[in-house]
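Here the structure is laid out as structure tokens; the discussion comes afterwards.
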Amino acid sequence: MQKKRTMFEKLWDKHIVSEPKDQPAIIYIDLHLVHEVTSPQAFEGLRMTGRKVRRPDLTIATVDHNITTDETRTEEIKDEIARKQVETIRDNCETNDITLFDVWDKEQGIVHVIGPEQGYTQPGMTIVCGDSHTSTHGAFGSLAFGIGTSEVEHVLATQTLRQRKPKTMKVEFKGALQKGVTAKDMVLKLIGQIGTAGGTGYVMEYTGKAIEDLSMEGRMTICNMSIEGGARAGMIAPDKITYDWMKGRNKVPKGDDWIKSIKEWDLLKTDDGAVYDSYIEVDCENLEPFVSWGTNPSQVLPISSSIPSPDDYDQVIESQSCANALAYMGLNPGTKIEDIKLDRVFIGSCTNARITDLRSAAKIVEGKKVNSNVRAQIMPGSTITKIQAEKEGLDEIFKASGFEWRESGCSMCLGMNPDIIAPGERCASTSNRNFEGRQGKGGRTHLVSPEMAAAAAIEGHFVDVREW
């Protein structure tokens with residue numbers, strides 16, 4: 001009798017090229033995503049060894065990390081390192097016949113937004129990129145994960161990757177979400193529950209009613225932050241919601257091939273009776289909007305909570321971590337989350353900058369004004385998303401409210417471009433990381449959903465968007 005397999009095991013088995021004894025397996029890669037930051041050394045390695053890109057047709061590139069999102073994006077980049085990285089990826093893509101979506105292309109955007117948006121990302125694929133948030137693509141039932149620079153070179157040269165087989169973890173989100181509670185709150189709750197190392201060594205498969213009810217954008221948000229829980233990757237089985245979202249996109253199969261593909265994709269779901277290595281349950285029935293208060297994504301609390309004290313922790317290391325976070329964040333124990341005032345609001349990143357995120361935020365701010373003490377900005381995840389939002393008039397809603405409407409890019413998610421916050425500034429961010437200096441040296445980051453960020457921009461402090 002054939003062994004019952006999880007979705008991960010089916011994809012892994014299908015992509016094995018070789019399994020050397022006592023060595024990592026060699027797996028085939030269906031799609032390689034490239035950006036300007038982690039690729040220069042990889043291409044240089046190919047040149048030094050006289051090798052070529054094996055499958056340029058399975059490789060796509062974009063510029064997203066280093067570029068600004070204002071009107072100067074097509075001008076010469078002032079920072080020497082950033083400019084060199086952008087110039088280098090242009091040269092490398094031209095030399096190796098790789099499709100590059102540059103700043104002036106309408107298909108340009110954050111690498112983990114444009115892949116799904118244009119139909120490159122499909123169920124059953126193995127997908128890699130020199131970026132940890134490649135896990136985003138697992139929302140489509142693919143096995144997707146970030147890789148290092150030497151691994152980028154290996155994939156460019158061979159279209160394969162050496163990997164040790166991860167373990168499997170089933171994460172079941174039980175119950176239905178209340179109005180005003182989102183996928184971002186679900187994943188922040190999970191990370192707060194298991195910690196930043198809770199998923200180490202695992203591929204997480206997300207299941208349960210709350211997952212099934214999510215839009216594709218919500219599912220991408222969940223999978224995007226798998227890495228923040230320590231996981232190698234996150235996956236969600238494809239279903240009708242997946243197919244409806246994908247249908248008609250540029251690179252997606254058409255006609256009879258589309259029907260055939262769906263039949264194949266339906267077989268990817270985990271077999272009844274398949275055994276996982278670990279199981280986690282998350283209760284969604286009473287879930288509140290979440291806000292991060294510290295300096296890692298596990299330091300999160302519901303909006304109704306107050307800032308903890310180092311004395312609240314039994315373990316010395318946890319107590320010290322809390323004390324360090326409070327010192328960096330400039331917060332006092334006992335302060336209500338809703339009393340935390342803000343200087344900046346950022347709605348963007350590969351976590352929450354898709355069209356439904358922008359629509360949700362626009363509903364919150366329509367007819368209202370951004371607080372005079374807050375600088376609020378919207379950076380769409382791609383140029384296609386920006387164009388769609390402008391067709392729907394979302395840009396006018398944001399601009400009338402007082403938001404800055406910008407171009408697409410990674411932007412304020414990370415301090416690697418001009419879109420940074422100043423030392424000591426406090427920012428409500430829809431991105432995925434709140435480490436010290438993540439948005440700029442000395443900057444203080446609070447992770448929230450687009451709805452929570454939008455409401456905070458209006459009030460100047462955090463509020464419970466369910467009651468607002």
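FYI, nothing fancy with the structure tokens labels: chains A, B, ... in order, residues from 1 per chain, ligands from 1 as they appear.
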Spatial neighbours of Met416 in chain A, 12 Å, only C-alpha atoms, chain gap at least 6 places, as number ranges by chain: A: 36-37, 64-68, 79, 81-83, 85, 409-410, 437-441
Let's have the selection written as a compact mmCIF listing (two decimals), in the first residue's frame, with C-alpha atoms.
```
# COMPACT_ATOMS: atom_id res chain seq x y z
CA GLU A 36 19.88 43.34 -7.27
CA VAL A 37 21.21 42.75 -3.74
CA ASP A 64 13.27 46.45 -5.69
CA HIS A 65 15.50 46.69 -2.60
CA ASN A 66 17.75 49.65 -3.42
CA ILE A 67 15.49 51.94 -5.40
CA THR A 68 13.64 54.92 -4.01
CA ASP A 79 24.43 55.78 -2.91
CA ILE A 81 26.88 50.63 -3.43
CA ALA A 82 23.18 50.70 -4.31
CA ARG A 83 23.91 52.24 -7.71
CA GLN A 85 24.19 46.76 -7.52
CA GLY A 409 9.56 48.92 -4.20
CA CYS A 410 10.69 47.34 -0.92
CA GLY A 437 17.49 49.42 12.81
CA ARG A 438 15.38 47.50 10.32
CA GLN A 439 13.72 50.65 8.96
CA GLY A 440 16.72 52.87 9.61
CA LYS A 441 19.26 53.29 12.40
```
Fewer than 6 positions away in the same chain doesn't count, so skip those; otherwise give me all residues within 9 Å of Leu326 in chain A, counting only C-alpha atoms, as an NGL selection string. :A and (293-295 or 307-310 or 332-333)
Store the residues of this selection in a file with C-alpha atoms, as a CSV table (one decimal), in the first residue's frame.
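To be explicit, this is the file written out as part_4.csv:
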```csv
chain,number,residue,atom,x,y,z
A,293,TRP,CA,5.8,46.1,20.9
A,294,GLY,CA,9.4,44.8,20.9
A,295,THR,CA,12.3,44.1,18.6
A,307,ILE,CA,3.3,46.7,27.5
A,308,PRO,CA,4.8,43.9,29.6
A,309,SER,CA,7.5,44.3,32.3
A,310,PRO,CA,10.7,42.3,32.5
A,332,ASN,CA,7.4,51.8,29.7
A,333,PRO,CA,5.8,48.7,31.3
```
DSSP-assigned helix (DSSP H, G or I) among range 42-257 of chain A, expressed as a ChimeraX atom specification: /A:42-49,56-58,80-95,111-117,132-140,149-158,183-194,209-212,216-229,240-246,256-257
Kindly export the residues of the current selection with C-alpha atoms, as a PDB file, in the first residue's frame.
```
ATOM      1  CA  ALA A  42      26.667  34.891  -7.792  1.00  0.00           C
ATOM      2  CA  PHE A  43      27.042  36.117 -11.369  1.00  0.00           C
ATOM      3  CA  GLU A  44      30.669  37.017 -10.690  1.00  0.00           C
ATOM      4  CA  GLY A  45      31.237  33.455  -9.516  1.00  0.00           C
ATOM      5  CA  LEU A  46      29.900  32.161 -12.836  1.00  0.00           C
ATOM      6  CA  ARG A  47      32.237  34.438 -14.768  1.00  0.00           C
ATOM      7  CA  MET A  48      35.257  33.353 -12.756  1.00  0.00           C
ATOM      8  CA  THR A  49      34.576  29.682 -13.543  1.00  0.00           C
ATOM      9  CA  PRO A  56      17.568  31.802 -18.241  1.00  0.00           C
ATOM     10  CA  ASP A  57      13.983  31.016 -19.287  1.00  0.00           C
ATOM     11  CA  LEU A  58      13.274  29.844 -15.715  1.00  0.00           C
ATOM     12  CA  GLU A  80      27.479  54.217  -4.577  1.00  0.00           C
ATOM     13  CA  ILE A  81      26.884  50.632  -3.429  1.00  0.00           C
ATOM     14  CA  ALA A  82      23.181  50.705  -4.312  1.00  0.00           C
ATOM     15  CA  ARG A  83      23.908  52.237  -7.715  1.00  0.00           C
ATOM     16  CA  LYS A  84      26.543  49.609  -8.460  1.00  0.00           C
ATOM     17  CA  GLN A  85      24.187  46.761  -7.515  1.00  0.00           C
ATOM     18  CA  VAL A  86      21.438  48.063  -9.801  1.00  0.00           C
ATOM     19  CA  GLU A  87      23.831  48.667 -12.680  1.00  0.00           C
ATOM     20  CA  THR A  88      25.314  45.196 -12.196  1.00  0.00           C
ATOM     21  CA  ILE A  89      22.003  43.336 -12.370  1.00  0.00           C
ATOM     22  CA  ARG A  90      21.181  45.212 -15.583  1.00  0.00           C
ATOM     23  CA  ASP A  91      24.469  44.105 -17.126  1.00  0.00           C
ATOM     24  CA  ASN A  92      24.134  40.524 -15.847  1.00  0.00           C
ATOM     25  CA  CYS A  93      20.589  40.101 -17.134  1.00  0.00           C
ATOM     26  CA  GLU A  94      21.472  41.502 -20.551  1.00  0.00           C
ATOM     27  CA  THR A  95      24.562  39.301 -20.816  1.00  0.00           C
ATOM     28  CA  VAL A 111      10.006  40.314  -6.366  1.00  0.00           C
ATOM     29  CA  HIS A 112       7.482  38.416  -4.212  1.00  0.00           C
ATOM     30  CA  VAL A 113       4.603  40.493  -5.531  1.00  0.00           C
ATOM     31  CA  ILE A 114       5.348  40.340  -9.251  1.00  0.00           C
ATOM     32  CA  GLY A 115       5.901  36.561  -9.338  1.00  0.00           C
ATOM     33  CA  PRO A 116       2.322  35.659  -8.354  1.00  0.00           C
ATOM     34  CA  GLU A 117       0.836  38.743 -10.016  1.00  0.00           C
ATOM     35  CA  SER A 132      14.140  35.063   3.012  1.00  0.00           C
ATOM     36  CA  HIS A 133      10.544  36.018   2.218  1.00  0.00           C
ATOM     37  CA  THR A 134      10.401  33.726  -0.799  1.00  0.00           C
ATOM     38  CA  SER A 135       8.140  31.676   1.462  1.00  0.00           C
ATOM     39  CA  THR A 136       5.357  33.998   0.214  1.00  0.00           C
ATOM     40  CA  HIS A 137       4.898  31.852  -2.910  1.00  0.00           C
ATOM     41  CA  GLY A 138       3.964  28.819  -0.806  1.00  0.00           C
ATOM     42  CA  ALA A 139       0.461  30.285  -0.604  1.00  0.00           C
ATOM     43  CA  PHE A 140      -0.109  28.719  -4.036  1.00  0.00           C
ATOM     44  CA  THR A 149      24.422  33.959  -2.414  1.00  0.00           C
ATOM     45  CA  SER A 150      26.491  30.796  -3.015  1.00  0.00           C
ATOM     46  CA  GLU A 151      23.241  28.894  -3.528  1.00  0.00           C
ATOM     47  CA  VAL A 152      22.052  31.549  -5.994  1.00  0.00           C
ATOM     48  CA  GLU A 153      25.179  30.834  -8.004  1.00  0.00           C
ATOM     49  CA  HIS A 154      24.530  27.079  -7.820  1.00  0.00           C
ATOM     50  CA  VAL A 155      20.961  27.473  -9.112  1.00  0.00           C
ATOM     51  CA  LEU A 156      22.051  29.827 -11.893  1.00  0.00           C
ATOM     52  CA  ALA A 157      24.659  27.301 -13.020  1.00  0.00           C
ATOM     53  CA  THR A 158      22.730  24.026 -12.609  1.00  0.00           C
ATOM     54  CA  ALA A 183      -4.277  37.358   8.085  1.00  0.00           C
ATOM     55  CA  LYS A 184      -1.560  39.599   9.536  1.00  0.00           C
ATOM     56  CA  ASP A 185      -3.062  39.167  12.983  1.00  0.00           C
ATOM     57  CA  MET A 186      -3.229  35.404  12.485  1.00  0.00           C
ATOM     58  CA  VAL A 187       0.450  35.083  11.670  1.00  0.00           C
ATOM     59  CA  LEU A 188       1.548  37.514  14.394  1.00  0.00           C
ATOM     60  CA  LYS A 189      -0.472  35.453  16.881  1.00  0.00           C
ATOM     61  CA  LEU A 190       1.243  32.280  15.659  1.00  0.00           C
ATOM     62  CA  ILE A 191       4.740  33.758  15.947  1.00  0.00           C
ATOM     63  CA  GLY A 192       3.936  35.141  19.379  1.00  0.00           C
ATOM     64  CA  GLN A 193       2.788  31.643  20.371  1.00  0.00           C
ATOM     65  CA  ILE A 194       5.746  29.599  19.067  1.00  0.00           C
ATOM     66  CA  LYS A 209     -11.280  27.185   8.375  1.00  0.00           C
ATOM     67  CA  ALA A 210      -9.642  30.578   8.852  1.00  0.00           C
ATOM     68  CA  ILE A 211      -7.079  29.691   6.167  1.00  0.00           C
ATOM     69  CA  GLU A 212      -9.715  28.336   3.784  1.00  0.00           C
ATOM     70  CA  MET A 216      -5.007  34.782  -1.882  1.00  0.00           C
ATOM     71  CA  GLU A 217      -3.501  38.038  -0.648  1.00  0.00           C
ATOM     72  CA  GLY A 218      -4.212  36.975   2.930  1.00  0.00           C
ATOM     73  CA  ARG A 219      -2.675  33.564   2.314  1.00  0.00           C
ATOM     74  CA  MET A 220       0.442  35.200   0.886  1.00  0.00           C
ATOM     75  CA  THR A 221       0.711  37.322   4.041  1.00  0.00           C
ATOM     76  CA  ILE A 222       0.634  34.188   6.196  1.00  0.00           C
ATOM     77  CA  CYS A 223       3.244  32.341   4.128  1.00  0.00           C
ATOM     78  CA  ASN A 224       5.394  35.468   3.791  1.00  0.00           C
ATOM     79  CA  MET A 225       6.030  35.551   7.539  1.00  0.00           C
ATOM     80  CA  SER A 226       6.738  31.832   7.949  1.00  0.00           C
ATOM     81  CA  ILE A 227      10.417  32.687   8.143  1.00  0.00           C
ATOM     82  CA  GLU A 228       9.720  34.983  11.125  1.00  0.00           C
ATOM     83  CA  GLY A 229       8.623  31.866  13.002  1.00  0.00           C
ATOM     84  CA  LYS A 240     -10.902  27.192  -5.981  1.00  0.00           C
ATOM     85  CA  ILE A 241      -9.834  30.487  -4.400  1.00  0.00           C
ATOM     86  CA  THR A 242      -6.315  29.882  -5.735  1.00  0.00           C
ATOM     87  CA  TYR A 243      -7.493  29.025  -9.249  1.00  0.00           C
ATOM     88  CA  ASP A 244      -9.950  31.925  -9.463  1.00  0.00           C
ATOM     89  CA  TRP A 245      -7.148  34.313  -8.502  1.00  0.00           C
ATOM     90  CA  MET A 246      -4.693  32.825 -10.998  1.00  0.00           C
ATOM     91  CA  ASP A 256      -7.167  22.871 -22.243  1.00  0.00           C
ATOM     92  CA  ASP A 257      -3.805  23.250 -20.501  1.00  0.00           C
TER      93      ASP A 257
END
```
Residues within 6 Å of Arg426 in chain A, please, as a PyMOL selection string. Count only C-alpha atoms; anything in the same chain fewer than 4 positions from it doesn't count. chain A and resi 342-343+444
Create the file for the chosen residues now, containing N, CA and C atoms and written as a PDB file, in the first residue's frame.
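For reference, part36.pdb as written:
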```
ATOM      1  N   LEU A 342       2.480  57.749  17.417  1.00  0.00           N
ATOM      2  CA  LEU A 342       3.286  57.434  16.242  1.00  0.00           C
ATOM      3  C   LEU A 342       3.789  58.682  15.528  1.00  0.00           C
ATOM      4  N   ASP A 343       4.926  58.509  14.843  1.00  0.00           N
ATOM      5  CA  ASP A 343       5.479  59.555  13.988  1.00  0.00           C
ATOM      6  C   ASP A 343       5.286  59.228  12.514  1.00  0.00           C
ATOM      7  N   ARG A 444      12.071  52.848  15.321  1.00  0.00           N
ATOM      8  CA  ARG A 444      11.250  51.954  16.141  1.00  0.00           C
ATOM      9  C   ARG A 444      10.040  51.486  15.339  1.00  0.00           C
TER      10      ARG A 444
END
```
Among range 87-174 of chain A, which residues carry a DSSP assignment of strand (DSSP E or B), reported as a PDB file with N, CA and C atoms, in the first residue's frame?
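As written to disk, states-v3.pdb reads:
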```
ATOM      1  N   THR A  99      15.145  37.856 -18.264  1.00  0.00           N
ATOM      2  CA  THR A  99      14.116  38.890 -18.210  1.00  0.00           C
ATOM      3  C   THR A  99      14.284  39.728 -16.950  1.00  0.00           C
ATOM      4  N   LEU A 100      14.423  41.040 -17.129  1.00  0.00           N
ATOM      5  CA  LEU A 100      14.568  41.974 -16.011  1.00  0.00           C
ATOM      6  C   LEU A 100      13.460  43.006 -16.060  1.00  0.00           C
ATOM      7  N   PHE A 101      12.773  43.182 -14.934  1.00  0.00           N
ATOM      8  CA  PHE A 101      11.768  44.229 -14.815  1.00  0.00           C
ATOM      9  C   PHE A 101      12.412  45.401 -14.087  1.00  0.00           C
ATOM     10  N   GLY A 109       8.348  45.616  -9.712  1.00  0.00           N
ATOM     11  CA  GLY A 109       7.772  45.607  -8.377  1.00  0.00           C
ATOM     12  C   GLY A 109       8.597  44.756  -7.444  1.00  0.00           C
ATOM     13  N   THR A 126       8.868  24.256  -7.359  1.00  0.00           N
ATOM     14  CA  THR A 126       9.916  24.657  -6.423  1.00  0.00           C
ATOM     15  C   THR A 126      10.400  26.031  -6.864  1.00  0.00           C
ATOM     16  N   ILE A 127      10.446  26.965  -5.906  1.00  0.00           N
ATOM     17  CA  ILE A 127      10.779  28.359  -6.205  1.00  0.00           C
ATOM     18  C   ILE A 127      11.810  28.845  -5.199  1.00  0.00           C
ATOM     19  N   VAL A 128      12.869  29.475  -5.682  1.00  0.00           N
ATOM     20  CA  VAL A 128      13.886  30.019  -4.782  1.00  0.00           C
ATOM     21  C   VAL A 128      14.237  31.445  -5.172  1.00  0.00           C
ATOM     22  N   CYS A 129      14.808  32.156  -4.205  1.00  0.00           N
ATOM     23  CA  CYS A 129      15.264  33.531  -4.423  1.00  0.00           C
ATOM     24  C   CYS A 129      16.245  33.853  -3.311  1.00  0.00           C
ATOM     25  N   LEU A 143       6.635  24.889  -3.164  1.00  0.00           N
ATOM     26  CA  LEU A 143       7.678  24.802  -2.147  1.00  0.00           C
ATOM     27  C   LEU A 143       8.655  25.922  -2.443  1.00  0.00           C
ATOM     28  N   ALA A 144       8.622  26.967  -1.634  1.00  0.00           N
ATOM     29  CA  ALA A 144       9.366  28.191  -1.929  1.00  0.00           C
ATOM     30  C   ALA A 144      10.145  28.638  -0.707  1.00  0.00           C
ATOM     31  N   PHE A 145      11.419  28.935  -0.901  1.00  0.00           N
ATOM     32  CA  PHE A 145      12.238  29.350   0.235  1.00  0.00           C
ATOM     33  C   PHE A 145      13.411  30.198  -0.220  1.00  0.00           C
ATOM     34  N   GLY A 146      13.955  30.979   0.714  1.00  0.00           N
ATOM     35  CA  GLY A 146      15.091  31.824   0.434  1.00  0.00           C
ATOM     36  C   GLY A 146      16.385  31.045   0.447  1.00  0.00           C
ATOM     37  N   THR A 160      19.586  23.452 -10.107  1.00  0.00           N
ATOM     38  CA  THR A 160      19.336  22.536  -8.997  1.00  0.00           C
ATOM     39  C   THR A 160      19.874  23.158  -7.715  1.00  0.00           C
ATOM     40  N   LEU A 161      19.547  22.501  -6.589  1.00  0.00           N
ATOM     41  CA  LEU A 161      19.980  22.999  -5.288  1.00  0.00           C
ATOM     42  C   LEU A 161      20.204  21.826  -4.344  1.00  0.00           C
ATOM     43  N   ARG A 162      21.263  21.894  -3.557  1.00  0.00           N
ATOM     44  CA  ARG A 162      21.505  20.889  -2.516  1.00  0.00           C
ATOM     45  C   ARG A 162      20.752  21.297  -1.263  1.00  0.00           C
ATOM     46  N   GLN A 163      19.898  20.409  -0.762  1.00  0.00           N
ATOM     47  CA  GLN A 163      19.092  20.720   0.411  1.00  0.00           C
ATOM     48  C   GLN A 163      18.878  19.485   1.266  1.00  0.00           C
ATOM     49  N   LYS A 167      11.623  18.806   8.110  1.00  0.00           N
ATOM     50  CA  LYS A 167      10.503  18.095   8.713  1.00  0.00           C
ATOM     51  C   LYS A 167       9.206  18.844   8.394  1.00  0.00           C
ATOM     52  N   THR A 168       8.086  18.234   8.716  1.00  0.00           N
ATOM     53  CA  THR A 168       6.788  18.842   8.395  1.00  0.00           C
ATOM     54  C   THR A 168       6.036  19.230   9.664  1.00  0.00           C
ATOM     55  N   MET A 169       5.374  20.363   9.607  1.00  0.00           N
ATOM     56  CA  MET A 169       4.553  20.842  10.717  1.00  0.00           C
ATOM     57  C   MET A 169       3.193  21.270  10.191  1.00  0.00           C
ATOM     58  N   LYS A 170       2.151  20.751  10.779  1.00  0.00           N
ATOM     59  CA  LYS A 170       0.795  21.184  10.453  1.00  0.00           C
ATOM     60  C   LYS A 170       0.397  22.295  11.419  1.00  0.00           C
ATOM     61  N   VAL A 171       0.013  23.440  10.867  1.00  0.00           N
ATOM     62  CA  VAL A 171      -0.462  24.563  11.671  1.00  0.00           C
ATOM     63  C   VAL A 171      -1.935  24.759  11.348  1.00  0.00           C
ATOM     64  N   GLU A 172      -2.775  24.488  12.310  1.00  0.00           N
ATOM     65  CA  GLU A 172      -4.226  24.569  12.090  1.00  0.00           C
ATOM     66  C   GLU A 172      -4.797  25.805  12.770  1.00  0.00           C
ATOM     67  N   PHE A 173      -5.324  26.708  11.956  1.00  0.00           N
ATOM     68  CA  PHE A 173      -6.002  27.901  12.476  1.00  0.00           C
ATOM     69  C   PHE A 173      -7.487  27.565  12.634  1.00  0.00           C
ATOM     70  N   LYS A 174      -7.902  27.368  13.856  1.00  0.00           N
ATOM     71  CA  LYS A 174      -9.257  26.892  14.128  1.00  0.00           C
ATOM     72  C   LYS A 174     -10.206  28.062  14.361  1.00  0.00           C
TER      73      LYS A 174
END
```
Non-local contacts of Ile458 in chain A (6 Å; only C-alpha atoms; under 2 positions in same chain excluded) as a VMD selection string: chain A and resid 369 to 371 455 to 456 460
Among listed residues A:Lys391, A:Lys14, A:Lys399, A:Arg73, nearest Val365 in chain A (using only C-alpha atoms):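 So, comparing all the options, the nearest one is A:Lys399.
Using only C-alpha atoms, the smallest distance between any of A:Ile384, A:Leu177, A:Ala353, A:Leu31 and Gln108 in chain A comes from A:Ile384.
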